[in-house]
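Everything below belongs to data-v9.pdb, which stores PDB, N, CA and C atoms.
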```
ATOM      1  N   MET A   1       0.832  -1.193   0.000
ATOM      2  CA  MET A   1       0.000   0.000   0.000
ATOM      3  C   MET A   1       0.866   1.243   0.000
ATOM      4  N   ALA A   2       0.396   2.231  -0.681
ATOM      5  CA  ALA A   2       1.065   3.529  -0.686
ATOM      6  C   ALA A   2       0.379   4.432   0.333
ATOM      7  N   THR A   3       1.087   5.418   0.804
ATOM      8  CA  THR A   3       0.529   6.397   1.730
ATOM      9  C   THR A   3       0.466   7.734   1.007
ATOM     10  N   VAL A   4      -0.728   8.330   0.995
ATOM     11  CA  VAL A   4      -0.913   9.645   0.396
ATOM     12  C   VAL A   4      -0.941  10.662   1.524
ATOM     13  N   LEU A   5      -0.073  11.655   1.434
ATOM     14  CA  LEU A   5      -0.017  12.737   2.420
ATOM     15  C   LEU A   5      -1.004  13.815   1.982
ATOM     16  N   ILE A   6      -1.988  14.070   2.810
ATOM     17  CA  ILE A   6      -3.073  14.988   2.478
ATOM     18  C   ILE A   6      -2.750  16.375   3.025
ATOM     19  N   PRO A   7      -2.722  17.406   2.158
ATOM     20  CA  PRO A   7      -2.441  18.754   2.658
ATOM     21  C   PRO A   7      -3.567  19.248   3.565
ATOM     22  N   ALA A   8      -3.234  20.120   4.488
ATOM     23  CA  ALA A   8      -4.200  20.624   5.475
ATOM     24  C   ALA A   8      -5.452  21.190   4.817
ATOM     25  N   ALA A   9      -5.310  21.874   3.704
ATOM     26  CA  ALA A   9      -6.456  22.493   3.035
ATOM     27  C   ALA A   9      -7.436  21.473   2.478
ATOM     28  N   CYS A  10      -7.024  20.216   2.347
ATOM     29  CA  CYS A  10      -7.872  19.174   1.758
ATOM     30  C   CYS A  10      -8.349  18.138   2.776
ATOM     31  N   ARG A  11      -7.924  18.245   3.996
ATOM     32  CA  ARG A  11      -8.206  17.192   4.983
ATOM     33  C   ARG A  11      -9.684  17.039   5.313
ATOM     34  N   ALA A  12     -10.457  18.108   5.235
ATOM     35  CA  ALA A  12     -11.894  17.980   5.503
ATOM     36  C   ALA A  12     -12.537  17.016   4.512
ATOM     37  N   ASP A  13     -12.051  17.006   3.281
ATOM     38  CA  ASP A  13     -12.583  16.096   2.256
ATOM     39  C   ASP A  13     -12.066  14.674   2.417
ATOM     40  N   ALA A  14     -11.117  14.466   3.317
ATOM     41  CA  ALA A  14     -10.564  13.138   3.592
ATOM     42  C   ALA A  14     -10.906  12.699   5.016
ATOM     43  N   GLY A  15     -12.004  13.201   5.535
ATOM     44  CA  GLY A  15     -12.423  12.819   6.874
ATOM     45  C   GLY A  15     -11.476  13.302   7.958
ATOM     46  N   GLY A  16     -10.689  14.336   7.659
ATOM     47  CA  GLY A  16      -9.752  14.890   8.624
ATOM     48  C   GLY A  16      -8.395  14.211   8.643
ATOM     49  N   ALA A  17      -8.215  13.202   7.806
ATOM     50  CA  ALA A  17      -6.960  12.442   7.805
ATOM     51  C   ALA A  17      -5.819  13.238   7.182
ATOM     52  N   ALA A  18      -4.649  13.131   7.786
ATOM     53  CA  ALA A  18      -3.435  13.742   7.243
ATOM     54  C   ALA A  18      -2.681  12.763   6.352
ATOM     55  N   ARG A  19      -2.919  11.463   6.573
ATOM     56  CA  ARG A  19      -2.265  10.400   5.813
ATOM     57  C   ARG A  19      -3.311   9.329   5.528
ATOM     58  N   VAL A  20      -3.328   8.836   4.302
ATOM     59  CA  VAL A  20      -4.280   7.801   3.929
ATOM     60  C   VAL A  20      -3.525   6.695   3.203
ATOM     61  N   ASP A  21      -3.698   5.458   3.652
ATOM     62  CA  ASP A  21      -3.098   4.307   2.981
ATOM     63  C   ASP A  21      -4.080   3.770   1.952
ATOM     64  N   VAL A  22      -3.616   3.643   0.709
ATOM     65  CA  VAL A  22      -4.460   3.120  -0.370
ATOM     66  C   VAL A  22      -3.637   2.182  -1.243
ATOM     67  N   PRO A  23      -4.299   1.192  -1.855
ATOM     68  CA  PRO A  23      -3.577   0.250  -2.698
ATOM     69  C   PRO A  23      -3.277   0.831  -4.074
ATOM     70  N   GLY A  24      -2.305   0.235  -4.738
ATOM     71  CA  GLY A  24      -1.973   0.607  -6.108
ATOM     72  C   GLY A  24      -0.496   0.426  -6.382
ATOM     73  N   THR A  25      -0.178   0.099  -7.617
ATOM     74  CA  THR A  25       1.221  -0.068  -7.998
ATOM     75  C   THR A  25       1.703   1.057  -8.903
ATOM     76  N   THR A  26       0.782   1.938  -9.311
ATOM     77  CA  THR A  26       1.144   3.137 -10.069
ATOM     78  C   THR A  26       0.470   4.337  -9.420
ATOM     79  N   VAL A  27       0.938   5.523  -9.737
ATOM     80  CA  VAL A  27       0.320   6.741  -9.201
ATOM     81  C   VAL A  27      -1.146   6.797  -9.605
ATOM     82  N   GLY A  28      -1.454   6.467 -10.850
ATOM     83  CA  GLY A  28      -2.841   6.486 -11.317
ATOM     84  C   GLY A  28      -3.736   5.576 -10.497
ATOM     85  N   GLN A  29      -3.273   4.376 -10.198
ATOM     86  CA  GLN A  29      -4.063   3.436  -9.392
ATOM     87  C   GLN A  29      -4.259   3.949  -7.970
ATOM     88  N   VAL A  30      -3.220   4.530  -7.412
ATOM     89  CA  VAL A  30      -3.314   5.069  -6.048
ATOM     90  C   VAL A  30      -4.303   6.226  -6.009
ATOM     91  N   LEU A  31      -4.229   7.133  -6.985
ATOM     92  CA  LEU A  31      -5.151   8.265  -6.998
ATOM     93  C   LEU A  31      -6.587   7.811  -7.230
ATOM     94  N   GLU A  32      -6.767   6.804  -8.070
ATOM     95  CA  GLU A  32      -8.107   6.253  -8.303
ATOM     96  C   GLU A  32      -8.676   5.661  -7.015
ATOM     97  N   ALA A  33      -7.853   4.911  -6.282
ATOM     98  CA  ALA A  33      -8.294   4.326  -5.010
ATOM     99  C   ALA A  33      -8.618   5.423  -3.993
ATOM    100  N   LEU A  34      -7.817   6.489  -3.984
ATOM    101  CA  LEU A  34      -8.069   7.608  -3.077
ATOM    102  C   LEU A  34      -9.400   8.266  -3.408
ATOM    103  N   ALA A  35      -9.663   8.486  -4.698
ATOM    104  CA  ALA A  35     -10.914   9.118  -5.132
ATOM    105  C   ALA A  35     -12.127   8.239  -4.830
ATOM    106  N   THR A  36     -11.947   6.930  -4.887
ATOM    107  CA  THR A  36     -13.030   6.010  -4.548
ATOM    108  C   THR A  36     -13.319   6.062  -3.051
ATOM    109  N   LYS A  37     -12.277   6.121  -2.260
ATOM    110  CA  LYS A  37     -12.421   6.169  -0.799
ATOM    111  C   LYS A  37     -13.003   7.495  -0.332
ATOM    112  N   PHE A  38     -12.591   8.596  -0.983
ATOM    113  CA  PHE A  38     -13.033   9.940  -0.613
ATOM    114  C   PHE A  38     -13.471  10.687  -1.877
ATOM    115  N   PRO A  39     -14.719  10.486  -2.325
ATOM    116  CA  PRO A  39     -15.178  11.102  -3.578
ATOM    117  C   PRO A  39     -15.044  12.627  -3.621
ATOM    118  N   ALA A  40     -15.312  13.307  -2.517
ATOM    119  CA  ALA A  40     -15.199  14.773  -2.512
ATOM    120  C   ALA A  40     -13.752  15.201  -2.736
ATOM    121  N   LEU A  41     -12.819  14.486  -2.140
ATOM    122  CA  LEU A  41     -11.403  14.782  -2.341
ATOM    123  C   LEU A  41     -11.011  14.497  -3.785
ATOM    124  N   GLY A  42     -11.481  13.374  -4.312
ATOM    125  CA  GLY A  42     -11.198  13.028  -5.702
ATOM    126  C   GLY A  42     -11.694  14.101  -6.659
ATOM    127  N   ALA A  43     -12.906  14.601  -6.444
ATOM    128  CA  ALA A  43     -13.466  15.642  -7.307
ATOM    129  C   ALA A  43     -12.671  16.939  -7.207
ATOM    130  N   ARG A  44     -12.126  17.197  -6.070
ATOM    131  CA  ARG A  44     -11.355  18.430  -5.858
ATOM    132  C   ARG A  44      -9.970  18.364  -6.519
ATOM    133  N   LEU A  45      -9.370  17.174  -6.509
ATOM    134  CA  LEU A  45      -7.991  17.031  -6.967
ATOM    135  C   LEU A  45      -7.837  16.483  -8.381
ATOM    136  N   LEU A  46      -8.823  15.704  -8.856
ATOM    137  CA  LEU A  46      -8.679  15.001 -10.128
ATOM    138  C   LEU A  46      -9.701  15.475 -11.152
ATOM    139  N   ASP A  47      -9.299  15.430 -12.434
ATOM    140  CA  ASP A  47     -10.232  15.788 -13.498
ATOM    141  C   ASP A  47     -11.071  14.565 -13.887
ATOM    142  N   ALA A  48     -11.892  14.697 -14.916
ATOM    143  CA  ALA A  48     -12.800  13.621 -15.325
ATOM    144  C   ALA A  48     -12.064  12.371 -15.795
ATOM    145  N   ARG A  49     -10.820  12.511 -16.233
ATOM    146  CA  ARG A  49     -10.025  11.351 -16.684
ATOM    147  C   ARG A  49      -9.280  10.679 -15.535
ATOM    148  N   GLY A  50      -9.341  11.272 -14.341
ATOM    149  CA  GLY A  50      -8.616  10.724 -13.197
ATOM    150  C   GLY A  50      -7.208  11.256 -13.071
ATOM    151  N   ALA A  51      -6.866  12.241 -13.874
ATOM    152  CA  ALA A  51      -5.541  12.872 -13.811
ATOM    153  C   ALA A  51      -5.598  14.053 -12.844
ATOM    154  N   PRO A  52      -4.475  14.382 -12.213
ATOM    155  CA  PRO A  52      -4.463  15.552 -11.328
ATOM    156  C   PRO A  52      -4.852  16.818 -12.098
ATOM    157  N   ARG A  53      -5.648  17.641 -11.485
ATOM    158  CA  ARG A  53      -6.005  18.935 -12.110
ATOM    159  C   ARG A  53      -4.742  19.765 -12.292
ATOM    160  N   ARG A  54      -4.821  20.758 -13.173
ATOM    161  CA  ARG A  54      -3.642  21.579 -13.487
ATOM    162  C   ARG A  54      -3.006  22.201 -12.254
ATOM    163  N   HIS A  55      -3.818  22.544 -11.267
ATOM    164  CA  HIS A  55      -3.306  23.234 -10.087
ATOM    165  C   HIS A  55      -2.830  22.288  -8.984
ATOM    166  N   VAL A  56      -2.779  20.987  -9.271
ATOM    167  CA  VAL A  56      -2.354  20.004  -8.274
ATOM    168  C   VAL A  56      -1.072  19.314  -8.747
ATOM    169  N   ALA A  57      -0.055  19.354  -7.922
ATOM    170  CA  ALA A  57       1.185  18.623  -8.207
ATOM    171  C   ALA A  57       1.205  17.378  -7.323
ATOM    172  N   VAL A  58       1.723  16.295  -7.898
ATOM    173  CA  VAL A  58       1.850  15.038  -7.161
ATOM    174  C   VAL A  58       3.330  14.666  -7.169
ATOM    175  N   PHE A  59       3.867  14.430  -5.984
ATOM    176  CA  PHE A  59       5.278  14.092  -5.848
ATOM    177  C   PHE A  59       5.434  12.663  -5.344
ATOM    178  N   VAL A  60       6.354  11.933  -5.961
ATOM    179  CA  VAL A  60       6.754  10.595  -5.530
ATOM    180  C   VAL A  60       8.271  10.608  -5.476
ATOM    181  N   ARG A  61       8.832  10.138  -4.387
ATOM    182  CA  ARG A  61      10.285  10.165  -4.197
ATOM    183  C   ARG A  61      10.837  11.585  -4.401
ATOM    184  N   ASP A  62      10.111  12.564  -3.853
ATOM    185  CA  ASP A  62      10.521  13.980  -3.900
ATOM    186  C   ASP A  62      10.625  14.548  -5.304
ATOM    187  N   GLU A  63       9.938  13.936  -6.274
ATOM    188  CA  GLU A  63       9.980  14.425  -7.649
ATOM    189  C   GLU A  63       8.569  14.458  -8.222
ATOM    190  N   ASP A  64       8.232  15.540  -8.901
ATOM    191  CA  ASP A  64       6.920  15.702  -9.522
ATOM    192  C   ASP A  64       6.707  14.591 -10.549
ATOM    193  N   ILE A  65       5.518  13.999 -10.549
ATOM    194  CA  ILE A  65       5.262  12.905 -11.497
ATOM    195  C   ILE A  65       5.288  13.380 -12.940
ATOM    196  N   ARG A  66       5.107  14.685 -13.162
ATOM    197  CA  ARG A  66       5.159  15.211 -14.534
ATOM    198  C   ARG A  66       6.555  15.071 -15.134
ATOM    199  N   SER A  67       7.575  14.984 -14.292
ATOM    200  CA  SER A  67       8.940  14.784 -14.793
ATOM    201  C   SER A  67       9.342  13.315 -14.716
ATOM    202  N   GLN A  68       8.390  12.468 -14.317
ATOM    203  CA  GLN A  68       8.625  11.026 -14.296
ATOM    204  C   GLN A  68       7.752  10.400 -15.387
ATOM    205  N   GLN A  69       6.926   9.454 -15.029
ATOM    206  CA  GLN A  69       6.080   8.768 -16.004
ATOM    207  C   GLN A  69       4.607   9.119 -15.842
ATOM    208  N   GLY A  70       4.340  10.287 -15.256
ATOM    209  CA  GLY A  70       2.953  10.714 -15.076
ATOM    210  C   GLY A  70       2.180   9.727 -14.224
ATOM    211  N   LEU A  71       0.953   9.415 -14.646
ATOM    212  CA  LEU A  71       0.114   8.496 -13.888
ATOM    213  C   LEU A  71       0.665   7.076 -13.874
ATOM    214  N   GLU A  72       1.563   6.771 -14.795
ATOM    215  CA  GLU A  72       2.175   5.434 -14.855
ATOM    216  C   GLU A  72       3.423   5.320 -13.971
ATOM    217  N   THR A  73       3.757   6.378 -13.250
ATOM    218  CA  THR A  73       4.899   6.325 -12.338
ATOM    219  C   THR A  73       4.680   5.203 -11.323
ATOM    220  N   PRO A  74       5.633   4.283 -11.199
ATOM    221  CA  PRO A  74       5.464   3.168 -10.266
ATOM    222  C   PRO A  74       5.426   3.624  -8.803
ATOM    223  N   CYS A  75       4.637   2.907  -8.024
ATOM    224  CA  CYS A  75       4.555   3.119  -6.575
ATOM    225  C   CYS A  75       4.840   1.793  -5.900
ATOM    226  N   GLY A  76       5.906   1.761  -5.154
ATOM    227  CA  GLY A  76       6.231   0.552  -4.417
ATOM    228  C   GLY A  76       5.496   0.490  -3.095
ATOM    229  N   GLU A  77       5.648  -0.636  -2.423
ATOM    230  CA  GLU A  77       5.092  -0.773  -1.080
ATOM    231  C   GLU A  77       5.693   0.316  -0.192
ATOM    232  N   ARG A  78       4.871   0.879   0.644
ATOM    233  CA  ARG A  78       5.287   1.921   1.596
ATOM    234  C   ARG A  78       5.747   3.215   0.927
ATOM    235  N   GLU A  79       5.402   3.388  -0.340
ATOM    236  CA  GLU A  79       5.733   4.631  -1.050
ATOM    237  C   GLU A  79       4.866   5.757  -0.506
ATOM    238  N   GLU A  80       5.412   6.960  -0.443
ATOM    239  CA  GLU A  80       4.627   8.129  -0.039
ATOM    240  C   GLU A  80       4.410   9.033  -1.238
ATOM    241  N   LEU A  81       3.152   9.445  -1.407
ATOM    242  CA  LEU A  81       2.780  10.415  -2.423
ATOM    243  C   LEU A  81       2.378  11.692  -1.714
ATOM    244  N   LEU A  82       2.901  12.800  -2.184
ATOM    245  CA  LEU A  82       2.583  14.099  -1.608
ATOM    246  C   LEU A  82       1.729  14.872  -2.608
ATOM    247  N   LEU A  83       0.569  15.327  -2.181
ATOM    248  CA  LEU A  83      -0.314  16.154  -2.998
ATOM    249  C   LEU A  83      -0.089  17.610  -2.638
ATOM    250  N   VAL A  84       0.117  18.450  -3.657
ATOM    251  CA  VAL A  84       0.380  19.858  -3.402
ATOM    252  C   VAL A  84      -0.522  20.698  -4.305
ATOM    253  N   PRO A  85      -1.680  21.152  -3.773
ATOM    254  CA  PRO A  85      -2.526  22.035  -4.563
ATOM    255  C   PRO A  85      -1.968  23.460  -4.529
ATOM    256  N   ALA A  86      -2.127  24.147  -5.641
ATOM    257  CA  ALA A  86      -1.666  25.535  -5.693
ATOM    258  C   ALA A  86      -2.543  26.383  -4.762
ATOM    259  N   LEU A  87      -1.939  27.365  -4.154
ATOM    260  CA  LEU A  87      -2.662  28.270  -3.285
ATOM    261  C   LEU A  87      -2.840  29.600  -4.000
ATOM    262  N   ALA A  88      -3.997  30.198  -3.824
ATOM    263  CA  ALA A  88      -4.264  31.491  -4.424
ATOM    264  C   ALA A  88      -4.673  32.463  -3.326
ATOM    265  N   GLY A  89      -4.561  33.692  -3.621
ATOM    266  CA  GLY A  89      -4.966  34.696  -2.634
ATOM    267  C   GLY A  89      -3.997  35.846  -2.618
ATOM    268  N   GLY A  90      -4.182  36.684  -1.698
ATOM    269  CA  GLY A  90      -3.283  37.813  -1.665
ATOM    270  C   GLY A  90      -3.295  38.506  -0.356
TER     271      GLY A  90
END
```
Show me the file's structure as structure tokens.
Amino acid sequence: MATVLIPAACRADAGGAARVDVPGTTVGQVLEALATKFPALGARLLDARGAPRRHVAVFVRDEDIRSQQGLETPCGEREELLLVPALAGG
């Protein structure tokens, strides 16, 4: 299982959890499992294809998945995924 680190701004949509363990061997599978477990969080972070929205970065092994294999980036056992939504305001 991979562990997804939930940013504080999104924790209400994850039942208040800061960390969620979900199954999957790729980033896409992990995000799909996360969206199934927490539909409101999934709708906030993922587009209709299940890909991260433009304003959401996903990091695995301290590297953005966009510079790796995208949703096909492998996730090993005990892998941590960090979700980083862009912040707006002033």
**Contacts of Asp13 in chain A at 12 Å (only C-alpha atoms; same-chain gap of 4+ positions) as a PyMOL selection string** = chain A and resi 6-9+17-18+20+34-35+37-45
**Asked** Of the candidates A:Arg61, A:Pro74, A:His55, A:Pro23, which shows the shortest atom-to-atom distance to Leu87 in chain A, using only N, CA and C atoms?
**Response**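 Using only N, CA and C atoms, Leu87 in chain A sits closest to A:His55.
Atom N of Val27 in chain A sits 5.2 Å away from CA of Leu71 in chain A.
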**Message:** Rounded to one decimal, what separation in Å do you get between atom N of Arg49 in chain A and atom C of Cys75 in chain A?
**Reply:**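 That distance, rounded to one decimal, is 21.6 Å.
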**Every residue of range 18-49 of chain A that DSSP places in helix (DSSP H, G or I), as a ChimeraX atom specification** = /A:27-37,39-45
Provide an axis-aligned box for all listed atoms of range 41-47 of chain A, padding each side by 3 Å; report its centre and its edge lengths in Å to one decimal, as JSON.
```
{"center_x": -10.7, "center_y": 15.7, "center_z": -8.0, "size_x": 11.6, "size_y": 11.4, "size_z": 17.7}
```
**Asked** For the file shown, what are the residues hit by the PyMOL selection byres ((chain A and resi 24) around 6), laid out as a list in words?
**Response**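 Checking the PyMOL selection byres ((chain A and resi 24) around 6) against this file, the residues are Met1, Ala2, Val22, Pro23, Thr25, Thr26, Gln29, Val30 and Cys75 of chain A.
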**Message:** Report as a PyMOL selection string all protein, DNA and RNA residues lying within 12 Å of Asp64 in chain A, evaluated on only C-alpha atoms, omitting residues in the same chain fewer than 6 positions from it.
**Reply:** chain A and resi 27+52+56-58+70-71+73+81-84
**Request:** May I ask for the distance between CA of Asp62 in chain A and CA of Gly16 in chain A, given in Å to one decimal place?
**Result:** 23.8 Å
**Prompt:** chain A: which residues are strand (DSSP E) by DSSP, as a PyMOL selection string?
**Reply:** chain A and resi 2-5+19-22+56-60+63-64+80-85
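When all atoms listed in the file are used to measure the gap to Val4 in chain A, the shortest distance among A:Thr36, A:Glu80, A:Asp47, A:Gln68 belongs to A:Glu80.
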**Complete:** Shortest contact to Glu72 in chain A, candidates A:Arg53, A:Val60, A:Ala86, A:Gly28, atoms counted all atoms listed in the file, goes to A:Gly28
Reconstruct all heavy atoms of range 50-61 of chain A from the incomplete input and present them as a short mmCIF file (atom, residue, chain, number, x, y, z; two decimals), keeping the file's coordinate frame.
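part.cif, written as the output of this step:
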```
data_model
loop_
_atom_site.label_atom_id
_atom_site.label_comp_id
_atom_site.auth_asym_id
_atom_site.auth_seq_id
_atom_site.Cartn_x
_atom_site.Cartn_y
_atom_site.Cartn_z
N GLY A 50 -9.34 11.27 -14.34
CA GLY A 50 -8.62 10.72 -13.20
C GLY A 50 -7.21 11.26 -13.07
O GLY A 50 -6.43 10.80 -12.24
N ALA A 51 -6.87 12.24 -13.87
CA ALA A 51 -5.54 12.87 -13.81
C ALA A 51 -5.60 14.05 -12.84
O ALA A 51 -6.65 14.67 -12.67
CB ALA A 51 -5.12 13.35 -15.19
N PRO A 52 -4.47 14.38 -12.21
CA PRO A 52 -4.46 15.55 -11.33
C PRO A 52 -4.85 16.82 -12.10
O PRO A 52 -4.44 17.01 -13.24
CB PRO A 52 -3.01 15.64 -10.86
CG PRO A 52 -2.46 14.27 -11.04
CD PRO A 52 -3.18 13.71 -12.24
N ARG A 53 -5.65 17.64 -11.48
CA ARG A 53 -6.00 18.93 -12.11
C ARG A 53 -4.74 19.76 -12.29
O ARG A 53 -3.73 19.52 -11.64
CB ARG A 53 -7.02 19.66 -11.24
CG ARG A 53 -8.36 18.93 -11.16
CD ARG A 53 -9.39 19.78 -10.43
NE ARG A 53 -10.63 19.06 -10.29
CZ ARG A 53 -11.59 19.00 -11.23
NH1 ARG A 53 -11.42 19.63 -12.38
NH2 ARG A 53 -12.69 18.33 -11.01
N ARG A 54 -4.82 20.76 -13.17
CA ARG A 54 -3.64 21.58 -13.49
C ARG A 54 -3.01 22.20 -12.25
O ARG A 54 -1.80 22.39 -12.19
CB ARG A 54 -4.01 22.71 -14.45
CG ARG A 54 -4.27 22.28 -15.85
CD ARG A 54 -4.58 23.45 -16.74
NE ARG A 54 -5.66 24.24 -16.13
CZ ARG A 54 -5.82 25.53 -16.29
NH1 ARG A 54 -4.99 26.22 -17.02
NH2 ARG A 54 -6.82 26.16 -15.72
N HIS A 55 -3.82 22.54 -11.27
CA HIS A 55 -3.31 23.23 -10.09
C HIS A 55 -2.83 22.29 -8.98
O HIS A 55 -2.50 22.75 -7.89
CB HIS A 55 -4.38 24.18 -9.53
CG HIS A 55 -5.57 23.48 -8.97
ND1 HIS A 55 -6.60 23.06 -9.76
CD2 HIS A 55 -5.88 23.11 -7.71
CE1 HIS A 55 -7.51 22.46 -9.00
NE2 HIS A 55 -7.08 22.47 -7.74
N VAL A 56 -2.78 20.99 -9.27
CA VAL A 56 -2.35 20.00 -8.27
C VAL A 56 -1.07 19.31 -8.75
O VAL A 56 -1.03 18.76 -9.85
CB VAL A 56 -3.44 18.94 -8.03
CG1 VAL A 56 -2.96 17.88 -7.05
CG2 VAL A 56 -4.73 19.59 -7.53
N ALA A 57 -0.06 19.35 -7.92
CA ALA A 57 1.18 18.62 -8.21
C ALA A 57 1.20 17.38 -7.32
O ALA A 57 0.76 17.41 -6.19
CB ALA A 57 2.40 19.49 -7.92
N VAL A 58 1.72 16.30 -7.90
CA VAL A 58 1.85 15.04 -7.16
C VAL A 58 3.33 14.67 -7.17
O VAL A 58 3.95 14.60 -8.24
CB VAL A 58 1.01 13.92 -7.80
CG1 VAL A 58 1.18 12.62 -7.03
CG2 VAL A 58 -0.46 14.31 -7.88
N PHE A 59 3.87 14.43 -5.98
CA PHE A 59 5.28 14.09 -5.85
C PHE A 59 5.43 12.66 -5.34
O PHE A 59 4.73 12.24 -4.43
CB PHE A 59 5.97 15.03 -4.87
CG PHE A 59 6.11 16.44 -5.39
CD1 PHE A 59 5.07 17.34 -5.27
CD2 PHE A 59 7.28 16.84 -6.01
CE1 PHE A 59 5.19 18.63 -5.76
CE2 PHE A 59 7.41 18.13 -6.50
CZ PHE A 59 6.36 19.03 -6.37
N VAL A 60 6.35 11.93 -5.96
CA VAL A 60 6.75 10.60 -5.53
C VAL A 60 8.27 10.61 -5.48
O VAL A 60 8.92 11.05 -6.43
CB VAL A 60 6.27 9.51 -6.51
CG1 VAL A 60 6.76 8.14 -6.09
CG2 VAL A 60 4.76 9.51 -6.62
N ARG A 61 8.83 10.14 -4.39
CA ARG A 61 10.28 10.16 -4.20
C ARG A 61 10.84 11.58 -4.40
O ARG A 61 11.85 11.80 -5.07
CB ARG A 61 10.98 9.16 -5.12
CG ARG A 61 10.64 7.71 -4.79
CD ARG A 61 11.22 6.73 -5.78
NE ARG A 61 10.64 6.83 -7.10
CZ ARG A 61 9.48 6.30 -7.48
NH1 ARG A 61 8.75 5.63 -6.61
NH2 ARG A 61 9.03 6.44 -8.71
#
```
